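J.: Below: one structure in structure tokens.
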Amino acid sequence: MTVEEAIGEEAAAEGRRATRILLADDHALVRRGLRLILDAEPDLTVVAEAGNGAEAVELADAREVDLAVLDIAMPRMTGIQAAREISRRAPGIRLLMLSMYDNEQYLFESLRAGACGYVLKSVADRDLLEACRAAMRGEPFLYPGAVTALIRDYLSRDDLAERPPASVLTPREEEILKLIAEGHSSKDIADMLVISVKTVDRHRANILSKLGMRDRLELTRYAIRAGLIEP
């Protein structure tokens, strides 16, 4: 019997309520596979599924959720953007990030967004259960390469003043920036967000002004560097 199985059986024997999980990934097959892993454990249960970051935020508001497992690269709103919004609206929900990428920028942005763990999809079958339980114990879960990155980052900075500044954009502006960079027109964005085209254009102008940029190409390059879209 593995340690994870022993923990699950212990929780069931003590009659503890299973951890209620919101699972967000834009690939239905991936969600199905992850759900099979999670629902097989007596102390873990998936109570909601989302296909994008915006839907995850809505479900976190609407359902009783203990833990949100969020894929980083999703349409409409990335997992990192969703994590920020869920942290703001429901700070009691623990956050765990899933990613295909062993990427330091994604890792640091995830931690800044409030995530307590970062799991690589390539080893999710091995690490996901342990990461979920660590999150619910209030403990961080990081794969070995992430720990190395954090140590390297710490040693390379003499003080907090050298850390990169937080985003100058509001969550709504980041959401619109992502959609612009993905190639959507102002009308498309207005329809998706249920706002007017004039409001979209005003947000676009504000984004350009704040970032000191001139056009969609520069915005797209910025969105890639910020981890909002994949190159």
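In the structure tokens, the first chain shown is A, the next is B, and so on; residue numbers restart at 1 for each chain, and ligands run from 1 in the order shown.
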What residues in stretch 5-227 of chain A get the DSSP label alpha helix (DSSP H)? Please answer as number ranges by chain.

T.: A: 5-13, 28-39, 53-62, 79-89, 104-112, 124-136, 144-156, 171-181, 186-193, 197-211, 216-225

J.: Ranking A:Leu98, A:Ile80, A:Leu193, A:Ala90 by minimum distance to A:Arg112 and counting only C-alpha atoms, which one comes first?

T.: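 Ranked by minimum distance to A:Arg112, first place goes to A:Ile80.
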
J.: Pick out the closest residue to A:Leu22 from this set: A:Val194, A:Tyr101, A:Glu58, A:Pro42. Count only C-alpha atoms.

T.: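 Among the listed residues, A:Glu58 lies closest to A:Leu22.
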
J.: Excluding same-chain residues fewer than 2 positions from A:Glu64, what lies within 9 Å of it counting only C-alpha atoms, as a ChimeraX atom specification?

T.: /A:20-21,47,59-62,66

J.: So that I have them on file, write out the residues from the current selection with C-alpha atoms, as a PDB file, in the first residue's frame.

T.:
```
ATOM      1  CA  ARG A  20     -14.226  18.968  -2.968  1.00  0.00           C
ATOM      2  CA  ILE A  21     -12.253  19.731  -6.109  1.00  0.00           C
ATOM      3  CA  VAL A  47     -17.513  18.338  -7.796  1.00  0.00           C
ATOM      4  CA  LEU A  59     -17.916  27.714 -10.728  1.00  0.00           C
ATOM      5  CA  ALA A  60     -15.708  28.621  -7.768  1.00  0.00           C
ATOM      6  CA  ASP A  61     -18.324  31.254  -6.912  1.00  0.00           C
ATOM      7  CA  ALA A  62     -21.307  28.968  -7.470  1.00  0.00           C
ATOM      8  CA  ASP A  66     -12.137  23.330  -1.218  1.00  0.00           C
TER       9      ASP A  66
END
```

J.: When you look at A:Ile72 with a cut-off of 10 Å (counting only C-alpha atoms), what residues show up, excluding the ones that are within fewer than 6 positions of it in the same chain? I need them as a list in words.

T.: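 Here the qualifying residues turn out to be Ala24, Asp25, Asp26, Asn52, Gly53, Thr78, Gly79, Ile80, Gln81, Ala82, Ala83, Leu96, Met97, Leu98, Ser99, Met100, Tyr101, Tyr106, Leu107, Ser110, Tyr118, Gly227, Leu228 and Ile229 of chain A.
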
J.: Select from stretch 43-146 of chain A every residue with an atom at most 8 Å from any atom of stretch 168-184 of chain A, then for each give the shortest pair of atoms and their distance in Å to one decimal, using only C-alpha atoms, rows by chain and rising number, as a Markdown table.

T.:
```
| residue | atom | partner | partner_atom | distance |
| --- | --- | --- | --- | --- |
| A:Arg76 | CA | A:Leu179 | CA | 6.6 |
| A:Met77 | CA | A:Glu175 | CA | 6.0 |
| A:Gln81 | CA | A:Pro171 | CA | 7.3 |
| A:Glu85 | CA | A:Pro171 | CA | 7.7 |
```

J.: If I take atom CA of A:Ser185 and atom CA of A:Leu219, how far is one from the other in Å, to one decimal?

T.: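 About the pair atom CA of A:Ser185 and atom CA of A:Leu219: they are 13.8 Å apart.
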
J.: Could you please determine the separation between atom CA of A:Ile86 and atom CA of A:Ser196 in Å, to one decimal place?

T.: 25.0 Å
